[in-house]
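To be precise, the following lines are run_1.tsv, and they hold TSV, C-alpha atoms and all ligand atoms.
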chain	number	residue	atom	x	y	z
A	246	MET	CA	7.65	-1.25	2.04
A	247	LYS	CA	4.90	1.15	3.05
A	248	LEU	CA	3.37	0.86	-0.42
A	249	TRP	CA	3.36	-2.93	-0.22
A	250	GLY	CA	1.84	-2.71	3.24
A	251	SER	CA	-1.05	-0.59	2.05
A	252	ILE	CA	-1.56	-2.82	-1.01
A	253	LEU	CA	-1.76	-5.89	1.26
A	254	ILE	CA	-4.14	-4.15	3.67
A	255	VAL	CA	-6.49	-3.22	0.82
A	256	LEU	CA	-6.21	-6.72	-0.67
A	257	GLY	CA	-6.84	-8.32	2.72
A	258	LEU	CA	-9.88	-6.18	3.44
A	259	PHE	CA	-11.23	-6.79	-0.05
A	260	TRP	CA	-10.71	-10.53	0.32
A	261	GLY	CA	-12.35	-10.36	3.73
A	262	VAL	CA	-15.46	-8.67	2.33
A	263	ILE	CA	-15.72	-11.28	-0.43
A	264	ALA	CA	-15.16	-14.14	2.02
A	265	PHE	CA	-17.72	-12.68	4.40
A	266	ASP	CA	-20.26	-12.73	1.59
A	267	MET	CA	-19.65	-16.39	0.76
A	268	PRO	CA	-22.69	-18.60	1.31
A	269	THR	CA	-22.60	-21.22	4.04
A	270	SER	CA	-25.80	-22.98	3.13
A	271	VAL	CA	-27.32	-24.63	0.07
A	272	LYS	CA	-30.87	-24.22	-1.16
A	273	ILE	CA	-33.02	-27.32	-1.20
A	274	ASP	CA	-36.01	-27.23	-3.54
A	275	GLY	CA	-39.43	-28.05	-2.19
A	276	LYS	CA	-40.56	-31.57	-2.97
A	277	THR	CA	-43.28	-34.04	-2.20
A	278	ILE	CA	-42.36	-37.17	-0.28
A	279	GLY	CA	-44.52	-40.29	-0.44
A	280	SER	CA	-47.76	-40.64	-2.29
A	281	GLY	CA	-51.45	-40.58	-1.70
A	282	GLU	CA	-52.86	-39.44	1.62
A	283	HIS	CA	-49.52	-39.97	3.41
A	284	SER	CA	-47.60	-37.71	1.10
A	285	SER	CA	-46.12	-34.59	2.58
A	286	TYR	CA	-44.72	-31.53	0.92
A	287	ILE	CA	-41.38	-30.23	2.12
A	288	GLU	CA	-41.03	-26.49	1.72
A	289	PRO	CA	-37.96	-25.20	-0.10
A	290	HIS	CA	-35.36	-24.41	2.54
A	291	GLU	CA	-31.71	-23.77	3.10
A	292	VAL	CA	-29.43	-26.34	4.66
A	293	PHE	CA	-26.26	-25.35	6.46
A	294	ASN	CA	-23.31	-26.78	4.57
A	295	LEU	CA	-20.18	-27.56	6.58
A	296	SER	CA	-17.74	-27.59	3.69
A	297	LEU	CA	-18.99	-24.21	2.43
A	298	ALA	CA	-18.69	-22.84	5.95
A	299	SER	CA	-15.14	-24.12	6.41
A	300	ASN	CA	-14.23	-22.77	3.00
A	301	ARG	CA	-15.54	-19.38	4.10
A	302	ASN	CA	-13.61	-19.60	7.37
A	303	LEU	CA	-10.44	-20.45	5.46
A	304	ASN	CA	-10.87	-17.43	3.20
A	305	LEU	CA	-11.61	-15.17	6.17
A	306	THR	CA	-8.43	-16.44	7.85
A	307	ILE	CA	-6.36	-15.80	4.71
A	308	ALA	CA	-7.87	-12.31	4.46
A	309	ALA	CA	-7.04	-11.63	8.12
A	310	VAL	CA	-3.44	-12.88	7.72
A	311	ILE	CA	-2.93	-10.73	4.61
A	312	THR	CA	-4.31	-7.68	6.41
A	313	VAL	CA	-2.07	-8.27	9.45
A	314	ILE	CA	1.04	-8.74	7.27
A	315	GLY	CA	0.10	-5.57	5.41
A	316	ALA	CA	-0.29	-3.69	8.68
A	317	ILE	CA	3.12	-4.94	9.89
A	318	LEU	CA	4.79	-3.92	6.62
A	319	PHE	CA	3.05	-0.56	6.77
A	320	GLY	CA	4.20	-0.08	10.38
A	321	PHE	CA	7.81	-0.94	9.56
A	322	GLY	CA	7.65	1.44	6.63
A	323	SER	CA	6.66	4.23	8.99
A	324	LEU	CA	9.46	3.34	11.43
A	325	GLN	CA	12.15	3.61	8.79
A	326	PRO	CA	13.76	7.02	8.97
A	327	SER	CA	12.96	8.77	5.75
A	328	GLU	CA	15.27	11.34	4.25
A	329	SER	CA	12.54	13.93	4.05
A	330	SER	CA	12.24	13.82	7.85
A	331	ASN	CA	15.90	14.77	8.23
A	332	PRO	CA	15.83	18.40	9.42
A	333	ASN	CA	19.22	19.04	7.78
A	334	ALA	CA	18.17	17.69	4.40
A	335	ARG	CA	17.96	20.10	1.51
A	336	LYS	CA	16.27	19.74	-1.82
A	337	CYS	CA	18.14	18.93	-4.99
A	338	PRO	CA	17.45	21.87	-7.33
A	339	PHE	CA	17.40	19.50	-10.31
A	340	CYS	CA	15.10	16.69	-9.19
A	341	ALA	CA	13.65	18.11	-5.93
A	342	GLU	CA	14.55	14.96	-3.98
A	343	ALA	CA	15.83	15.33	-0.40
A	344	ILE	CA	19.63	15.11	-0.19
A	345	GLN	CA	22.27	15.51	2.49
A	346	PRO	CA	23.44	19.12	2.94
A	347	GLU	CA	27.07	18.08	2.37
A	348	ALA	CA	26.28	16.22	-0.87
A	349	LEU	CA	28.27	17.33	-3.90
A	350	ILE	CA	26.47	15.02	-6.29
A	351	CYS	CA	22.77	14.25	-6.05
A	352	LYS	CA	22.32	10.54	-5.38
A	353	HIS	CA	18.97	10.58	-7.14
A	354	CYS	CA	19.71	12.33	-10.43
A	355	LYS	CA	23.56	12.41	-10.26
A	356	SER	CA	23.57	16.15	-10.87
A	357	ASP	CA	26.67	18.11	-9.91
A	358	LEU	CA	25.71	20.12	-6.83
A	359	SER	CA	29.16	21.56	-6.12
A	360	ILE	CA	28.37	24.61	-8.23
A	361	ILE	CA	25.15	25.26	-6.33
A	362	PRO	CA	25.77	27.62	-3.40
A	363	LYS	CA	24.54	26.48	0.03
A	364	ASN	CA	22.83	29.79	0.72
A	365	PRO	CA	22.20	31.56	-2.58
A	366	GLU	CA	20.31	34.42	-0.94
A	367	ASN	CA	23.54	35.62	0.73
A	368	LEU	CA	25.60	35.70	-2.48
A	369	SER	CA	27.37	38.85	-3.46
A	370	GLU	CA	26.98	40.14	-6.97
A	371	VAL	CA	30.50	39.03	-7.88
A	372	GLU	CA	29.86	35.50	-6.64
A	373	LEU	CA	26.57	35.46	-8.47
A	374	ASN	CA	28.24	36.45	-11.73
A	375	LYS	CA	30.87	33.74	-11.19
A	376	LEU	CA	28.10	31.21	-10.76
A	377	ILE	CA	26.36	32.36	-13.91
A	378	GLU	CA	29.61	32.00	-15.84
A	379	LYS	CA	30.06	28.47	-14.44
A	380	LEU	CA	26.57	27.53	-15.49
A	381	LYS	CA	27.14	28.94	-18.97
A	382	LEU	CA	30.23	26.75	-19.34
A	383	LYS	CA	28.29	23.59	-18.60
A	401	ZN	ZN	18.78	15.39	-7.94
Let's see the structure in the file written out as structure tokens.
Ligand SMILES: [Zn+2]
Amino acid sequence: MKLWGSILIVLGLFWGVIAFDMPTSVKIDGKTIGSGEHSSYIEPHEVFNLSLASNRNLNLTIAAVITVIGAILFGFGSLQPSESSNPNARKCPFCAEAIQPEALICKHCKSDLSIIPKNPENLSEVELNKLIEKLKLK
């Protein structure tokens, strides 16, 4: 969700920059009107073009809508409680993903966590040897 939000924001901003750069006028070449002593030369100039301008406005609107949707998605993504923010979460020793402290099987990599002690630093030597034997059997 958050990823999609950021993708849409980038896309929207990118689209916005492109739309902002779109021309709203067309170049008219210089030309001579009439003939003889009444002829007059019209300098090359740019003429504001309504359909180009509305096209640009449309693209700017689309870009704005995409950016807003992206921002909303990004916001919702941040509101969702993530497992890593859970203060009780511990790391799976196999895949390093955050898991519930009571989990016996990692939901990410399906590893058996029942043989992993909750607090390995407090293990006695006997318990440690038992664990090593268990791991050897696997
Ligand atoms: Zn895992």
Checklist entry - Which residues, written as a PyMOL selection string, have at least one atom at most 12 Å from region 293-299 of chain A, with all atoms listed in the file counted and residues fewer than 5 positions away on the same chain left out? => result chain A and resi 264-273+304-306
Export, as an mmCIF file, in the frame of the given file, the selected residues with C-alpha atoms.
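Just written: out.cif:
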data_model
loop_
_atom_site.group_PDB
_atom_site.id
_atom_site.type_symbol
_atom_site.label_atom_id
_atom_site.label_comp_id
_atom_site.auth_asym_id
_atom_site.auth_seq_id
_atom_site.Cartn_x
_atom_site.Cartn_y
_atom_site.Cartn_z
ATOM 1 C CA ALA A 264 -15.160 -14.140 2.020
ATOM 2 C CA PHE A 265 -17.720 -12.680 4.400
ATOM 3 C CA ASP A 266 -20.260 -12.730 1.590
ATOM 4 C CA MET A 267 -19.650 -16.390 0.760
ATOM 5 C CA PRO A 268 -22.690 -18.600 1.310
ATOM 6 C CA THR A 269 -22.600 -21.220 4.040
ATOM 7 C CA SER A 270 -25.800 -22.980 3.130
ATOM 8 C CA VAL A 271 -27.320 -24.630 0.070
ATOM 9 C CA LYS A 272 -30.870 -24.220 -1.160
ATOM 10 C CA ILE A 273 -33.020 -27.320 -1.200
ATOM 11 C CA ASN A 304 -10.870 -17.430 3.200
ATOM 12 C CA LEU A 305 -11.610 -15.170 6.170
ATOM 13 C CA THR A 306 -8.430 -16.440 7.850
#
Item to check | Protein and nucleic residues near ligand ZN 401 (chain A), 8 Å, all atoms listed in the file, as a ChimeraX atom specification | outcome: /A:336-342,344,350-356
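Note that the spacing between CA of Pro346 (chain A) and CA of Ala334 (chain A) amounts to 5.7 Å.
What separates CA of Arg301 (chain A) from CA of Gly315 (chain A) is a distance of 20.9 Å.
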Next on the checklist: Can you tell me which residues surround Ile252 (chain A) at a distance of at most 12 Å, considering all atoms listed in the file, apart from same-chain residues fewer than 3 positions away, and format the answer as a PyMOL selection string?
Outcome noted: chain A and resi 246-249+255-259+311-316+318-319
Item to check | Given all atoms listed in the file as the counted atoms, nearest of A:Gly322, A:Leu382, A:Asn302, A:Gln345 to Ile360 (chain A) | outcome: A:Leu382
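If you measure from each of A:Pro362, A:Asn333, A:Glu288, A:Leu303 to Leu349 (chain A) using only C-alpha atoms, the closest one turns out to be A:Pro362.
The two atoms in question, CA of Leu324 (chain A) and CA of Ala348 (chain A), are spaced 24.5 Å apart.
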Missing atoms in region 252-281 of chain A should be modelled up to N, CA and C atoms and reported as a JSON list (two decimals), keeping the file's coordinate frame.
[["chain", "number", "residue", "atom", "x", "y", "z"],
["A", 252, "ILE", "N", -0.96, -1.94, 0.01],
["A", 252, "ILE", "CA", -1.56, -2.82, -1.01],
["A", 252, "ILE", "C", -2.12, -4.07, -0.33],
["A", 253, "LEU", "N", -1.33, -4.66, 0.57],
["A", 253, "LEU", "CA", -1.76, -5.89, 1.26],
["A", 253, "LEU", "C", -2.98, -5.63, 2.14],
["A", 254, "ILE", "N", -2.99, -4.46, 2.81],
["A", 254, "ILE", "CA", -4.14, -4.15, 3.67],
["A", 254, "ILE", "C", -5.42, -4.07, 2.83],
["A", 255, "VAL", "N", -5.32, -3.36, 1.71],
["A", 255, "VAL", "CA", -6.49, -3.22, 0.82],
["A", 255, "VAL", "C", -6.92, -4.59, 0.30],
["A", 256, "LEU", "N", -5.92, -5.38, -0.15],
["A", 256, "LEU", "CA", -6.21, -6.72, -0.67],
["A", 256, "LEU", "C", -6.87, -7.58, 0.41],
["A", 257, "GLY", "N", -6.31, -7.52, 1.62],
["A", 257, "GLY", "CA", -6.84, -8.32, 2.72],
["A", 257, "GLY", "C", -8.27, -7.94, 3.06],
["A", 258, "LEU", "N", -8.53, -6.63, 3.12],
["A", 258, "LEU", "CA", -9.88, -6.18, 3.44],
["A", 258, "LEU", "C", -10.87, -6.58, 2.35],
["A", 259, "PHE", "N", -10.40, -6.43, 1.10],
["A", 259, "PHE", "CA", -11.23, -6.79, -0.05],
["A", 259, "PHE", "C", -11.57, -8.27, -0.01],
["A", 260, "TRP", "N", -10.53, -9.08, 0.23],
["A", 260, "TRP", "CA", -10.71, -10.53, 0.32],
["A", 260, "TRP", "C", -11.67, -10.86, 1.47],
["A", 261, "GLY", "N", -11.50, -10.13, 2.57],
["A", 261, "GLY", "CA", -12.35, -10.36, 3.73],
["A", 261, "GLY", "C", -13.82, -10.10, 3.42],
["A", 262, "VAL", "N", -14.07, -9.01, 2.69],
["A", 262, "VAL", "CA", -15.46, -8.67, 2.33],
["A", 262, "VAL", "C", -16.05, -9.76, 1.45],
["A", 263, "ILE", "N", -15.25, -10.22, 0.47],
["A", 263, "ILE", "CA", -15.72, -11.28, -0.43],
["A", 263, "ILE", "C", -15.98, -12.57, 0.36],
["A", 264, "ALA", "N", -15.03, -12.91, 1.24],
["A", 264, "ALA", "CA", -15.16, -14.14, 2.02],
["A", 264, "ALA", "C", -16.38, -14.06, 2.93],
["A", 265, "PHE", "N", -16.59, -12.86, 3.49],
["A", 265, "PHE", "CA", -17.72, -12.68, 4.40],
["A", 265, "PHE", "C", -19.04, -12.90, 3.69],
["A", 266, "ASP", "N", -19.05, -12.61, 2.41],
["A", 266, "ASP", "CA", -20.26, -12.73, 1.59],
["A", 266, "ASP", "C", -20.50, -14.15, 1.09],
["A", 267, "MET", "N", -19.52, -15.03, 1.29],
["A", 267, "MET", "CA", -19.65, -16.39, 0.76],
["A", 267, "MET", "C", -20.79, -17.13, 1.46],
["A", 268, "PRO", "N", -21.57, -17.88, 0.70],
["A", 268, "PRO", "CA", -22.69, -18.60, 1.31],
["A", 268, "PRO", "C", -22.21, -19.79, 2.15],
["A", 269, "THR", "N", -22.95, -20.07, 3.22],
["A", 269, "THR", "CA", -22.60, -21.22, 4.04],
["A", 269, "THR", "C", -23.72, -22.25, 4.04],
["A", 270, "SER", "N", -24.70, -22.01, 3.18],
["A", 270, "SER", "CA", -25.80, -22.98, 3.13],
["A", 270, "SER", "C", -26.21, -23.21, 1.68],
["A", 271, "VAL", "N", -26.84, -24.34, 1.42],
["A", 271, "VAL", "CA", -27.32, -24.63, 0.07],
["A", 271, "VAL", "C", -28.84, -24.68, 0.08],
["A", 272, "LYS", "N", -29.42, -24.23, -1.02],
["A", 272, "LYS", "CA", -30.87, -24.22, -1.16],
["A", 272, "LYS", "C", -31.37, -25.61, -1.55],
["A", 273, "ILE", "N", -32.39, -26.04, -0.86],
["A", 273, "ILE", "CA", -33.02, -27.32, -1.20],
["A", 273, "ILE", "C", -34.41, -27.00, -1.76],
["A", 274, "ASP", "N", -34.70, -27.50, -2.94],
["A", 274, "ASP", "CA", -36.01, -27.23, -3.54],
["A", 274, "ASP", "C", -37.11, -27.97, -2.78],
["A", 275, "GLY", "N", -38.29, -27.38, -2.81],
["A", 275, "GLY", "CA", -39.43, -28.05, -2.19],
["A", 275, "GLY", "C", -39.78, -29.31, -2.97],
["A", 276, "LYS", "N", -40.18, -30.36, -2.26],
["A", 276, "LYS", "CA", -40.56, -31.57, -2.97],
["A", 276, "LYS", "C", -41.60, -32.35, -2.16],
["A", 277, "THR", "N", -42.26, -33.24, -2.84],
["A", 277, "THR", "CA", -43.28, -34.04, -2.20],
["A", 277, "THR", "C", -42.71, -35.44, -1.92],
["A", 278, "ILE", "N", -42.85, -35.84, -0.66],
["A", 278, "ILE", "CA", -42.36, -37.17, -0.28],
["A", 278, "ILE", "C", -43.58, -38.09, -0.10],
["A", 279, "GLY", "N", -43.44, -39.32, -0.56],
["A", 279, "GLY", "CA", -44.52, -40.29, -0.44],
["A", 279, "GLY", "C", -45.61, -40.03, -1.46],
["A", 280, "SER", "N", -46.67, -40.82, -1.34],
["A", 280, "SER", "CA", -47.76, -40.64, -2.29],
["A", 280, "SER", "C", -49.10, -40.84, -1.60],
["A", 281, "GLY", "N", -50.10, -40.40, -2.25],
["A", 281, "GLY", "CA", -51.45, -40.58, -1.70],
["A", 281, "GLY", "C", -51.68, -39.72, -0.49]]
